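File shown here: entry_11.cif, holding mmCIF, C-alpha atoms (C1' of nucleotides).
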data_entry
#
loop_
_atom_site.label_atom_id
_atom_site.label_comp_id
_atom_site.auth_asym_id
_atom_site.auth_seq_id
_atom_site.Cartn_x
_atom_site.Cartn_y
_atom_site.Cartn_z
CA MET A 739 -88.64 -10.67 101.07
CA SER A 740 -86.82 -13.75 99.75
CA THR A 741 -83.07 -14.10 100.04
CA PRO A 742 -82.38 -13.76 96.28
CA GLU A 743 -84.50 -10.59 96.23
CA ARG A 744 -82.63 -9.12 99.18
CA LEU A 745 -79.32 -9.96 97.51
CA ILE A 746 -80.34 -8.22 94.29
CA GLU A 747 -81.59 -5.17 96.15
CA SER A 748 -78.40 -4.91 98.21
CA THR A 749 -76.32 -5.20 95.05
CA GLN A 750 -78.38 -2.43 93.41
CA GLU A 751 -77.67 -0.12 96.35
CA LEU A 752 -73.98 -0.94 96.49
CA LEU A 753 -73.50 -0.52 92.73
CA TRP A 754 -75.16 2.87 93.03
CA GLU A 755 -73.04 3.99 95.97
CA ARG A 756 -69.69 2.38 95.23
CA GLY A 757 -69.68 1.03 91.67
CA TYR A 758 -68.74 -2.43 90.41
CA VAL A 759 -65.16 -2.64 91.63
CA GLY A 760 -66.11 -1.10 94.99
CA THR A 761 -68.82 -3.68 95.63
CA SER A 762 -67.60 -6.87 97.31
CA PRO A 763 -69.57 -10.11 97.74
CA LYS A 764 -69.00 -9.77 101.48
CA ALA A 765 -70.60 -6.31 101.60
CA ILE A 766 -73.55 -7.59 99.56
CA GLN A 767 -74.06 -10.49 101.97
CA GLN A 768 -73.90 -8.29 105.05
CA ARG A 769 -76.37 -5.74 103.67
CA ALA A 770 -78.73 -8.52 102.61
CA GLY A 771 -78.36 -10.40 105.89
CA ALA A 772 -77.34 -13.53 103.97
CA GLY A 773 -74.40 -15.86 104.47
CA GLN A 774 -71.58 -16.64 102.06
CA GLY A 775 -72.94 -20.05 101.11
CA SER A 776 -76.40 -18.65 100.63
CA MET A 777 -75.26 -16.07 98.13
CA TYR A 778 -73.26 -18.59 96.10
CA HIS A 779 -76.19 -20.98 96.15
CA HIS A 780 -78.52 -18.47 94.45
CA PHE A 781 -75.96 -16.79 92.17
CA LYS A 782 -72.84 -18.06 90.42
CA GLY A 783 -70.85 -15.07 91.66
CA LYS A 784 -70.49 -11.32 91.57
CA PRO A 785 -70.90 -10.87 87.78
CA GLU A 786 -74.21 -12.75 87.74
CA LEU A 787 -75.54 -10.77 90.71
CA ALA A 788 -74.42 -7.52 89.13
CA LEU A 789 -76.26 -8.35 85.92
CA ALA A 790 -79.48 -9.07 87.82
CA ALA A 791 -79.10 -5.84 89.81
CA ILE A 792 -78.35 -3.69 86.76
CA ARG A 793 -81.32 -5.12 84.85
CA ARG A 794 -83.57 -4.47 87.83
CA SER A 795 -82.39 -0.88 88.21
CA ALA A 796 -82.86 -0.26 84.50
CA GLU A 797 -86.43 -1.61 84.57
CA GLN A 798 -87.31 0.50 87.60
CA ARG A 799 -85.94 3.71 86.09
CA THR A 800 -87.69 3.11 82.80
CA ALA A 801 -91.00 2.49 84.58
CA LEU A 802 -90.51 5.70 86.59
CA ALA A 803 -89.86 7.71 83.43
CA GLU A 804 -92.88 6.16 81.73
CA GLU A 805 -95.07 7.19 84.64
CA GLN A 806 -93.65 10.72 84.65
CA PHE A 807 -94.26 11.36 80.96
CA SER A 808 -97.85 10.15 81.03
CA ALA A 809 -98.80 13.27 83.03
CA PRO A 810 -100.82 16.01 81.29
CA GLY A 811 -99.52 19.42 80.19
CA THR A 812 -97.75 21.09 77.30
CA ALA A 813 -94.44 19.71 76.04
CA VAL A 814 -92.41 22.35 77.84
CA GLU A 815 -94.40 21.89 81.04
CA ARG A 816 -93.89 18.15 81.03
CA ILE A 817 -90.16 18.47 80.42
CA ALA A 818 -89.87 21.17 83.09
CA ASP A 819 -91.74 18.93 85.54
CA TYR A 820 -89.40 16.10 84.68
CA LEU A 821 -86.29 18.19 85.27
CA ARG A 822 -87.67 19.68 88.50
CA ARG A 823 -88.93 16.38 89.88
CA GLU A 824 -88.04 15.57 93.46
CA ARG A 825 -84.69 13.79 93.36
CA ASP A 826 -81.98 12.75 95.75
CA ILE A 827 -79.55 14.78 93.70
CA LEU A 828 -76.37 14.28 95.71
CA ARG A 829 -76.70 10.51 95.52
CA GLY A 830 -76.51 10.76 91.76
CA CYS A 831 -78.25 8.62 89.15
CA PRO A 832 -78.16 4.84 89.73
CA ILE A 833 -77.96 4.21 85.98
CA GLY A 834 -75.66 7.07 84.98
CA ARG A 835 -73.28 5.96 87.74
CA LEU A 836 -72.68 2.69 85.95
CA THR A 837 -71.19 4.42 82.91
CA GLN A 838 -68.10 5.14 85.02
CA ASP A 839 -67.44 1.47 85.70
CA PRO A 840 -65.00 0.09 83.10
CA GLU A 841 -66.23 -3.45 83.87
CA VAL A 842 -69.79 -2.43 82.96
CA VAL A 843 -68.96 -0.40 79.86
CA ALA A 844 -66.57 -3.03 78.52
CA ASP A 845 -69.09 -5.88 78.84
CA PRO A 846 -71.86 -5.71 76.20
CA VAL A 847 -74.21 -7.74 78.39
CA LEU A 848 -73.79 -5.45 81.39
CA ARG A 849 -73.86 -2.29 79.29
CA GLN A 850 -77.00 -3.13 77.33
CA PRO A 851 -79.58 -2.34 80.07
CA VAL A 852 -77.81 0.97 80.70
CA ALA A 853 -77.84 1.85 77.00
CA GLU A 854 -81.49 0.88 76.66
CA THR A 855 -82.56 2.99 79.62
CA PHE A 856 -81.13 6.15 78.07
CA GLU A 857 -82.37 5.25 74.60
CA HIS A 858 -85.86 4.80 75.94
CA LEU A 859 -85.70 8.07 77.85
CA ARG A 860 -84.52 10.01 74.83
CA GLY A 861 -87.19 8.36 72.68
CA ARG A 862 -89.85 9.38 75.17
CA LEU A 863 -88.63 12.98 75.10
CA VAL A 864 -88.59 12.98 71.30
CA ALA A 865 -92.25 11.91 71.42
CA VAL A 866 -93.16 14.68 73.85
CA LEU A 867 -91.38 17.33 71.76
CA THR A 868 -92.87 16.04 68.49
CA GLU A 869 -96.33 16.13 70.02
CA GLY A 870 -95.71 19.72 71.13
CA GLN A 871 -94.78 20.65 67.59
CA ALA A 872 -97.82 18.87 66.13
CA LEU A 873 -100.08 20.77 68.52
CA GLY A 874 -98.54 24.08 67.48
CA GLU A 875 -97.07 24.71 70.93
CA LEU A 876 -93.45 24.44 69.90
CA ASP A 877 -91.32 25.91 67.14
CA PRO A 878 -91.43 23.29 64.35
CA THR A 879 -87.83 24.04 63.34
CA LEU A 880 -86.54 22.66 66.63
CA ASP A 881 -84.50 19.46 66.14
CA VAL A 882 -86.29 17.09 68.46
CA VAL A 883 -83.58 14.40 68.57
CA ASN A 884 -80.83 16.84 69.53
CA THR A 885 -83.07 18.62 72.01
CA ALA A 886 -84.07 15.36 73.69
CA ALA A 887 -80.41 14.35 74.03
CA MET A 888 -79.67 17.76 75.51
CA VAL A 889 -82.38 17.39 78.15
CA VAL A 890 -81.09 14.01 79.31
CA ALA A 891 -77.51 15.30 79.26
CA VAL A 892 -78.44 18.30 81.42
CA LEU A 893 -79.89 15.91 83.96
CA GLN A 894 -76.89 13.60 84.03
CA GLY A 895 -74.42 16.48 83.97
CA GLY A 896 -76.38 18.22 86.71
CA TYR A 897 -75.71 15.27 89.00
CA VAL A 898 -72.00 15.51 88.23
CA LEU A 899 -71.87 19.25 89.00
CA ALA A 900 -73.89 18.82 92.20
CA ARG A 901 -71.64 16.07 93.53
CA ALA A 902 -68.54 18.11 92.63
CA ALA A 903 -69.91 21.15 94.46
CA GLY A 904 -71.33 19.18 97.37
CA SER A 905 -74.55 21.11 96.75
CA THR A 906 -77.73 20.68 94.74
CA GLU A 907 -77.51 24.26 93.46
CA PRO A 908 -75.66 23.68 90.15
CA PHE A 909 -78.12 20.92 89.27
CA GLN A 910 -81.02 23.29 89.70
CA GLN A 911 -79.29 26.08 87.81
CA ALA A 912 -78.57 23.78 84.87
CA ALA A 913 -82.17 22.54 84.85
CA GLU A 914 -83.59 26.07 84.95
CA GLY A 915 -81.16 27.17 82.27
CA ALA A 916 -82.40 24.42 79.96
CA ILE A 917 -86.06 25.08 80.78
CA ALA A 918 -85.70 28.80 80.02
CA LEU A 919 -84.08 28.12 76.64
CA LEU A 920 -86.80 25.62 75.77
CA ALA A 921 -89.57 27.95 76.90
CA ALA A 922 -88.25 30.60 74.52
CA ARG A 923 -89.09 28.27 71.63
CA GLN A 924 -92.75 28.06 72.54
CA LEU A 925 -95.19 29.64 70.10
CA THR A 926 -97.47 32.16 71.77
CA MET B 1299 -39.08 12.47 83.69
CA SER B 1300 -38.43 12.05 87.42
CA THR B 1301 -39.88 9.14 89.36
CA PRO B 1302 -42.31 11.27 91.41
CA GLU B 1303 -43.56 12.86 88.19
CA ARG B 1304 -44.07 9.49 86.55
CA LEU B 1305 -45.93 8.26 89.64
CA ILE B 1306 -48.26 11.27 89.62
CA GLU B 1307 -48.93 10.90 85.90
CA SER B 1308 -49.65 7.19 86.23
CA THR B 1309 -52.03 7.89 89.10
CA GLN B 1310 -53.81 10.53 87.00
CA GLU B 1311 -54.37 8.03 84.22
CA LEU B 1312 -55.53 5.26 86.53
CA LEU B 1313 -57.92 7.53 88.44
CA TRP B 1314 -59.39 8.58 85.09
CA GLU B 1315 -59.78 5.02 83.82
CA ARG B 1316 -60.64 3.12 86.98
CA GLY B 1317 -61.44 5.56 89.80
CA TYR B 1318 -60.04 5.73 93.31
CA VAL B 1319 -61.07 2.32 94.60
CA GLY B 1320 -60.04 0.67 91.33
CA THR B 1321 -56.54 2.12 91.45
CA SER B 1322 -54.02 0.06 93.41
CA PRO B 1323 -50.51 1.13 94.45
CA LYS B 1324 -49.20 -1.89 92.58
CA ALA B 1325 -50.83 -0.78 89.33
CA ILE B 1326 -49.46 2.73 89.79
CA GLN B 1327 -45.94 1.38 90.30
CA GLN B 1328 -46.10 -0.86 87.27
CA ARG B 1329 -47.38 1.90 84.98
CA ALA B 1330 -44.74 4.29 86.28
CA GLY B 1331 -41.97 1.72 86.07
CA ALA B 1332 -41.17 2.29 89.75
CA GLY B 1333 -40.71 -0.16 92.59
CA GLN B 1334 -42.70 -0.54 95.79
CA GLY B 1335 -40.05 1.07 97.98
CA SER B 1336 -39.59 3.92 95.53
CA MET B 1337 -43.24 4.86 95.59
CA TYR B 1338 -43.44 4.81 99.37
CA HIS B 1339 -40.25 6.83 99.59
CA HIS B 1340 -41.75 9.71 97.57
CA PHE B 1341 -45.33 9.51 98.85
CA LYS B 1342 -46.85 8.48 102.17
CA GLY B 1343 -49.34 6.22 100.43
CA LYS B 1344 -52.26 6.07 98.04
CA PRO B 1345 -54.22 9.02 99.51
CA GLU B 1346 -51.27 11.40 99.19
CA LEU B 1347 -50.57 10.30 95.61
CA ALA B 1348 -54.24 10.63 94.72
CA LEU B 1349 -54.32 14.17 96.07
CA ALA B 1350 -51.28 15.15 94.01
CA ALA B 1351 -52.79 13.53 90.90
CA ILE B 1352 -56.21 15.15 91.36
CA ARG B 1353 -54.66 18.59 91.88
CA ARG B 1354 -52.56 18.14 88.78
CA SER B 1355 -55.51 17.06 86.64
CA ALA B 1356 -57.57 20.00 87.92
CA GLU B 1357 -54.81 22.49 87.07
CA GLN B 1358 -54.38 21.03 83.59
CA ARG B 1359 -58.10 21.16 82.80
CA THR B 1360 -58.44 24.69 84.08
CA ALA B 1361 -55.48 25.80 81.96
CA LEU B 1362 -57.03 24.11 78.92
CA ALA B 1363 -60.36 25.88 79.47
CA GLU B 1364 -58.60 29.20 79.96
CA GLU B 1365 -56.81 28.75 76.65
CA GLN B 1366 -60.04 27.76 74.90
CA PHE B 1367 -62.03 30.80 76.06
CA SER B 1368 -59.37 33.30 75.11
CA ALA B 1369 -60.13 32.64 71.42
CA PRO B 1370 -61.97 35.34 69.45
CA GLY B 1371 -65.59 35.21 68.27
CA THR B 1372 -69.09 35.99 69.48
CA ALA B 1373 -70.35 34.49 72.74
CA VAL B 1374 -72.35 31.81 70.96
CA GLU B 1375 -69.46 31.00 68.62
CA ARG B 1376 -67.03 30.60 71.50
CA ILE B 1377 -69.41 28.35 73.42
CA ALA B 1378 -70.16 26.31 70.30
CA ASP B 1379 -66.44 25.92 69.66
CA TYR B 1380 -65.98 24.79 73.23
CA LEU B 1381 -68.72 22.17 72.98
CA ARG B 1382 -67.52 20.96 69.59
CA ARG B 1383 -63.85 20.84 70.54
CA GLU B 1384 -61.96 17.68 69.67
CA ARG B 1385 -62.37 15.33 72.62
CA ASP B 1386 -61.77 11.72 73.44
CA ILE B 1387 -65.44 11.42 74.29
CA LEU B 1388 -65.65 7.73 75.14
CA ARG B 1389 -62.87 8.05 77.69
CA GLY B 1390 -65.01 10.53 79.59
CA CYS B 1391 -63.90 13.56 81.59
CA PRO B 1392 -60.95 13.04 83.95
CA ILE B 1393 -62.43 15.50 86.45
CA GLY B 1394 -66.12 14.61 86.13
CA ARG B 1395 -65.17 10.96 86.61
CA LEU B 1396 -63.97 11.72 90.12
CA THR B 1397 -67.45 12.81 91.24
CA GLN B 1398 -68.44 9.12 91.14
CA ASP B 1399 -65.81 8.13 93.69
CA PRO B 1400 -67.30 8.17 97.20
CA GLU B 1401 -63.79 8.47 98.67
CA VAL B 1402 -63.20 11.68 96.67
CA VAL B 1403 -66.60 13.27 97.28
CA ALA B 1404 -66.56 12.45 101.00
CA ASP B 1405 -63.12 13.99 101.58
CA PRO B 1406 -63.16 17.82 101.46
CA VAL B 1407 -59.47 17.94 100.58
CA LEU B 1408 -59.83 15.58 97.62
CA ARG B 1409 -63.13 17.14 96.48
CA GLN B 1410 -61.91 20.74 96.54
CA PRO B 1411 -59.88 20.70 93.30
CA VAL B 1412 -62.81 19.04 91.53
CA ALA B 1413 -65.25 21.65 92.84
CA GLU B 1414 -62.91 24.49 91.89
CA THR B 1415 -62.45 23.22 88.35
CA PHE B 1416 -66.18 23.32 87.65
CA GLU B 1417 -66.63 26.64 89.49
CA HIS B 1418 -63.92 28.17 87.38
CA LEU B 1419 -65.41 26.78 84.19
CA ARG B 1420 -68.89 28.06 84.99
CA GLY B 1421 -67.44 31.44 85.96
CA ARG B 1422 -65.63 31.63 82.64
CA LEU B 1423 -68.84 30.85 80.75
CA VAL B 1424 -70.72 33.47 82.77
CA ALA B 1425 -68.11 36.01 81.66
CA VAL B 1426 -68.45 35.01 77.99
CA LEU B 1427 -72.25 35.24 78.14
CA THR B 1428 -72.21 38.55 80.01
CA GLU B 1429 -69.81 39.96 77.45
CA GLY B 1430 -72.15 38.81 74.68
CA GLN B 1431 -75.03 40.62 76.33
CA ALA B 1432 -72.96 43.79 76.84
CA LEU B 1433 -72.04 43.78 73.15
CA GLY B 1434 -75.68 43.45 72.16
CA GLU B 1435 -75.16 39.99 70.61
CA LEU B 1436 -77.25 38.10 73.14
CA ASP B 1437 -80.72 38.54 74.59
CA PRO B 1438 -80.16 40.52 77.81
CA THR B 1439 -82.97 38.65 79.62
CA LEU B 1440 -80.98 35.42 79.48
CA ASP B 1441 -79.94 34.24 82.96
CA VAL B 1442 -76.20 33.87 82.52
CA VAL B 1443 -75.57 31.82 85.66
CA ASN B 1444 -78.20 29.21 84.82
CA THR B 1445 -77.14 29.10 81.18
CA ALA B 1446 -73.49 28.60 82.09
CA ALA B 1447 -74.40 25.73 84.41
CA MET B 1448 -76.49 24.22 81.62
CA VAL B 1449 -73.58 24.32 79.16
CA VAL B 1450 -71.22 22.54 81.57
CA ALA B 1451 -73.93 20.02 82.45
CA VAL B 1452 -74.57 19.23 78.77
CA LEU B 1453 -70.88 18.47 78.39
CA GLN B 1454 -70.68 16.23 81.45
CA GLY B 1455 -73.98 14.54 80.69
CA GLY B 1456 -72.92 14.07 77.09
CA TYR B 1457 -70.00 11.95 78.27
CA VAL B 1458 -72.39 9.83 80.34
CA LEU B 1459 -74.74 9.25 77.39
CA ALA B 1460 -71.88 8.47 75.05
CA ARG B 1461 -70.35 5.88 77.36
CA ALA B 1462 -73.76 4.32 77.94
CA ALA B 1463 -74.38 4.07 74.20
CA GLY B 1464 -70.84 3.02 73.34
CA SER B 1465 -70.94 5.80 70.75
CA THR B 1466 -70.05 9.48 70.52
CA GLU B 1467 -73.36 10.27 68.80
CA PRO B 1468 -75.50 11.23 71.84
CA PHE B 1469 -72.73 13.57 73.01
CA GLN B 1470 -72.78 15.40 69.70
CA GLN B 1471 -76.57 15.50 69.60
CA ALA B 1472 -76.74 17.00 73.10
CA ALA B 1473 -74.08 19.57 72.21
CA GLU B 1474 -75.86 20.57 68.99
CA GLY B 1475 -79.18 20.73 70.83
CA ALA B 1476 -77.73 23.18 73.34
CA ILE B 1477 -75.99 25.24 70.65
CA ALA B 1478 -79.22 25.57 68.63
CA LEU B 1479 -81.19 26.74 71.66
CA LEU B 1480 -78.49 29.27 72.53
CA ALA B 1481 -78.24 30.49 68.94
CA ALA B 1482 -81.96 31.25 69.00
CA ARG B 1483 -81.32 33.83 71.71
CA GLN B 1484 -78.89 35.82 69.58
CA LEU B 1485 -80.03 39.28 68.55
CA THR B 1486 -79.86 39.84 64.83
"C1'" DG C 888 -33.53 6.53 96.30
"C1'" DT C 889 -34.43 1.87 95.32
"C1'" DC C 890 -34.77 -2.99 96.50
"C1'" DT C 891 -36.51 -7.27 98.74
"C1'" DA C 892 -38.82 -9.39 102.60
"C1'" DT C 893 -42.57 -9.60 105.48
"C1'" DA C 894 -47.36 -8.72 107.37
"C1'" DT C 895 -52.40 -8.07 108.04
"C1'" DA C 896 -56.71 -7.72 105.98
"C1'" DC C 897 -59.77 -8.26 102.27
"C1'" DT C 898 -61.48 -10.41 97.63
"C1'" DG C 899 -63.83 -13.79 95.33
"C1'" DA C 900 -64.61 -18.18 95.38
"C1'" DT C 901 -64.96 -23.67 96.26
"C1'" DA C 902 -65.98 -27.83 99.29
"C1'" DG C 903 -68.54 -30.31 101.99
"C1'" DA C 904 -71.24 -30.76 106.39
"C1'" DC C 905 -75.89 -30.00 108.12
"C1'" DG D 1200 -80.96 -23.61 101.40
"C1'" DT D 1201 -77.63 -22.23 104.73
"C1'" DC D 1202 -73.38 -22.77 107.37
"C1'" DT D 1203 -68.35 -23.15 108.32
"C1'" DA D 1204 -63.75 -24.16 106.60
"C1'" DT D 1205 -60.40 -23.30 103.50
"C1'" DC D 1206 -57.78 -21.13 99.73
"C1'" DA D 1207 -54.96 -18.52 96.23
"C1'" DG D 1208 -54.51 -13.93 95.10
"C1'" DT D 1209 -54.60 -8.87 95.87
"C1'" DA D 1210 -54.51 -4.42 98.61
"C1'" DT D 1211 -51.85 -1.52 101.24
"C1'" DA D 1212 -48.57 -0.97 103.54
"C1'" DT D 1213 -43.83 -1.33 106.99
"C1'" DA D 1214 -38.84 -2.72 107.84
"C1'" DG D 1215 -34.49 -2.79 106.86
"C1'" DA D 1216 -30.65 -3.93 103.59
"C1'" DC D 1217 -28.03 -1.77 99.88
#
Before we go any further, please render this structure as structure tokens.
Amino acid sequence: MSTPERLIESTQELLWERGYVGTSPKAIQQRAGAGQGSMYHHFKGKPELALAAIRRSAEQRTALAEEQFSAPGTAVERIADYLRRERDILRGCPIGRLTQDPEVVADPVLRQPVAETFEHLRGRLVAVLTEGQALGELDPTLDVVNTAAMVVAVLQGGYVLARAAGSTEPFQQAAEGAIALLAARQLT
Amino acid sequence: MSTPERLIESTQELLWERGYVGTSPKAIQQRAGAGQGSMYHHFKGKPELALAAIRRSAEQRTALAEEQFSAPGTAVERIADYLRRERDILRGCPIGRLTQDPEVVADPVLRQPVAETFEHLRGRLVAVLTEGQALGELDPTLDVVNTAAMVVAVLQGGYVLARAAGSTEPFQQAAEGAIALLAARQLT
DNA sequence: GTCTATATACTGATAGAC
DNA sequence: GTCTATCAGTATATAGAC
């Protein structure tokens, strides 16, 4: 892989693990196996590298979600599959993590890819739920926008609870709790 | 207020806003109006101050939750009130925020107050839901443990979505989505 | 208890040789 | 493109005077 690519990838990992303020140019260089001069040749500095890394992470997550939701099944099945998907729960969400960095949230350019990732995800869930209603699988009185936001929030909050507990259990409980409530709105 | 108290309070605020790695002794001193020597006289260093601040924040949040759940109403009403409570949503949760700090999560002593705060909160919600079932208000087939975890996750995830969007709207949507699903399990 | 002085390491970058 | 040298500023303290 090229040096700029390795630098971006290392920055993605470090932003995920340690956040913006916890990620130093030196650490990025060491993880990428690149020298000081090399990094500053390809990127103006830490903010430019962070932007490239955040955009890359956002694209990757959106592509992953797109793939997930193209699977077959009823609306509730597809959402349950999404919530139960194999995840490295204790590492947390690489996008959600960024919402705790004041430098990211305060900068419209850095925040935009994060905002778009969640907007896209919620939009995709709205589509799945609306389809379920159109097919007569789901209660048509269900508010699809609120329900979609709830599903994404359960996921992001599940990561928080799991990391607090040092265990994946609360994540799974929250996911199953949401799935059970959704399943109760299926039409038989 | 005494100097140690002001130092703890300043550390609480900075940990909330900027996290462990983003909080420097110098910034703590400035916010507290205390000098270098004064801070190191009262506390061994940053780790000790952080521990005191985290414990304090955990106690305060637990007390707040305790107060909230002692209000009257049906199980669903009390949970809805909790989710709709006046909050400074875009600032995020001072406890949930800490789960993104590797230094906090990796240290059992620093993580413990965070873990206990969420355990207590989920336990309190389990009690409210169980009471609702015992009183015949709520569907007795509802899994109270999973549902309680879901409610806390919606809250924590709602903060994440709101900060990503730069707007409180997704938080409120997620909360209303959860409330509507819960309300559907009430017995008439 | 609080202050100033001092110290080592790291942060984030620039300059210029190769 | 990559390397080494250099730099001002910050992080996180310790020492000792007052």
So which residues get picked by the PyMOL selection byres ((chain A and resi 887-897) around 7) here, written as a PyMOL selection string?
(chain A and resi 821+827-828+830+834+860+883-886+898-901+908-909+912-913) or (chain B and resi 1448+1451-1456+1458-1459+1468+1471-1473+1475-1476)
Need the shell around DC890 in chain C: protein/DNA/RNA residues with any atom at most 10 Å away, counting all atoms listed in the file. Skip same-chain ones fewer than 2 positions apart. Format as a PDB file with C-alpha atoms (C1' of nucleotides), in the coordinates of the input?
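The new file out_39.pdb reads:
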ATOM      1  CA  GLY B1333     -40.710  -0.160  92.590  1.00  0.00           C
ATOM      2  CA  GLN B1334     -42.700  -0.540  95.790  1.00  0.00           C
ATOM      3  CA  GLY B1335     -40.050   1.070  97.980  1.00  0.00           C
ATOM      4  CA  SER B1336     -39.590   3.920  95.530  1.00  0.00           C
TER       5      SER B1336
ATOM      6  C1'  DG C 888     -33.530   6.530  96.300  1.00  0.00           C
ATOM      7  C1'  DA C 892     -38.820  -9.390 102.600  1.00  0.00           C
TER       8       DA C 892
ATOM      9  C1'  DA D1216     -30.650  -3.930 103.590  1.00  0.00           C
ATOM     10  C1'  DC D1217     -28.030  -1.770  99.880  1.00  0.00           C
TER      11       DC D1217
END
Å distance separating CA of Gly1331 in chain B from C1' of DT889 in chain C, one decimal place
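Result for CA of Gly1331 in chain B versus C1' of DT889 in chain C: 11.9 Å, one decimal.
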Using only C-alpha atoms (C1' of nucleotides), determine which residues lie at most 10 Å from DG903 in chain C, disregarding the query and same-chain residues fewer than 2 positions distant; provide the list as a list in words.
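That gives DT901 and DC905 of chain C; DT1203 and DA1204 of chain D.
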Running the PyMOL selection byres ((chain D) within 8 of (chain A)) on this model by hand, what would come out? Give it as a PDB file with C-alpha atoms (C1' of nucleotides), keeping the file's coordinate frame.
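Output file out03.pdb is given in full below:
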ATOM      1  C1'  DG D1200     -80.960 -23.610 101.400  1.00  0.00           C
ATOM      2  C1'  DT D1201     -77.630 -22.230 104.730  1.00  0.00           C
ATOM      3  C1'  DC D1202     -73.380 -22.770 107.370  1.00  0.00           C
TER       4       DC D1202
END
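Across the model, the gap from CA of Thr1466 in chain B to CA of Asp1399 in chain B is 23.6 Å.
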Might you spell out which residues the PyMOL selection byres ((chain B and resi 1354-1362) around 7) would select in the displayed file, as a list in words?
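Output of the PyMOL selection byres ((chain B and resi 1354-1362) around 7): Gln1310, Ala1350, Ala1351, Ile1352, Arg1353, Ala1363, Glu1364, Glu1365, Gln1366, Ile1393, Pro1411, Val1412 and Thr1415 of chain B.
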Please define a box with edges along x, y and z of the file around all atoms of range 888-904 of chain C given in the file, extend it by 8 Å on each side, and return its centre and edge lengths in Å to one decimal, as AutoDock Vina command-line options.
--center_x -52.4 --center_y -12.1 --center_z 101.7 --size_x 53.7 --size_y 53.3 --size_z 28.7
Could you state the separation of C1' of DT893 in chain C and CA of Gly1320 in chain B in Å, given to one decimal place?
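Spanning C1' of DT893 in chain C to CA of Gly1320 in chain B is a straight-line distance of 24.7 Å.
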For chain C, which of A:Ala765, A:Leu863, A:Leu752, A:Ala903 is the closest residue, counting all atoms listed in the file?
A:Ala765
Could you tell me which residues of chain C sit within 10 Å of chain A when counting all atoms listed in the file, and give me the result as JSON, numbers by chain?
{"C": [897, 898, 899, 900, 901]}
Nearest to chain B among A:Gln768, A:Thr879, A:Ser748, A:Gln838, with distances taken over only C-alpha atoms: which residue is it?
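Residue with the minimum atom-to-atom distance to chain B: A:Gln838.
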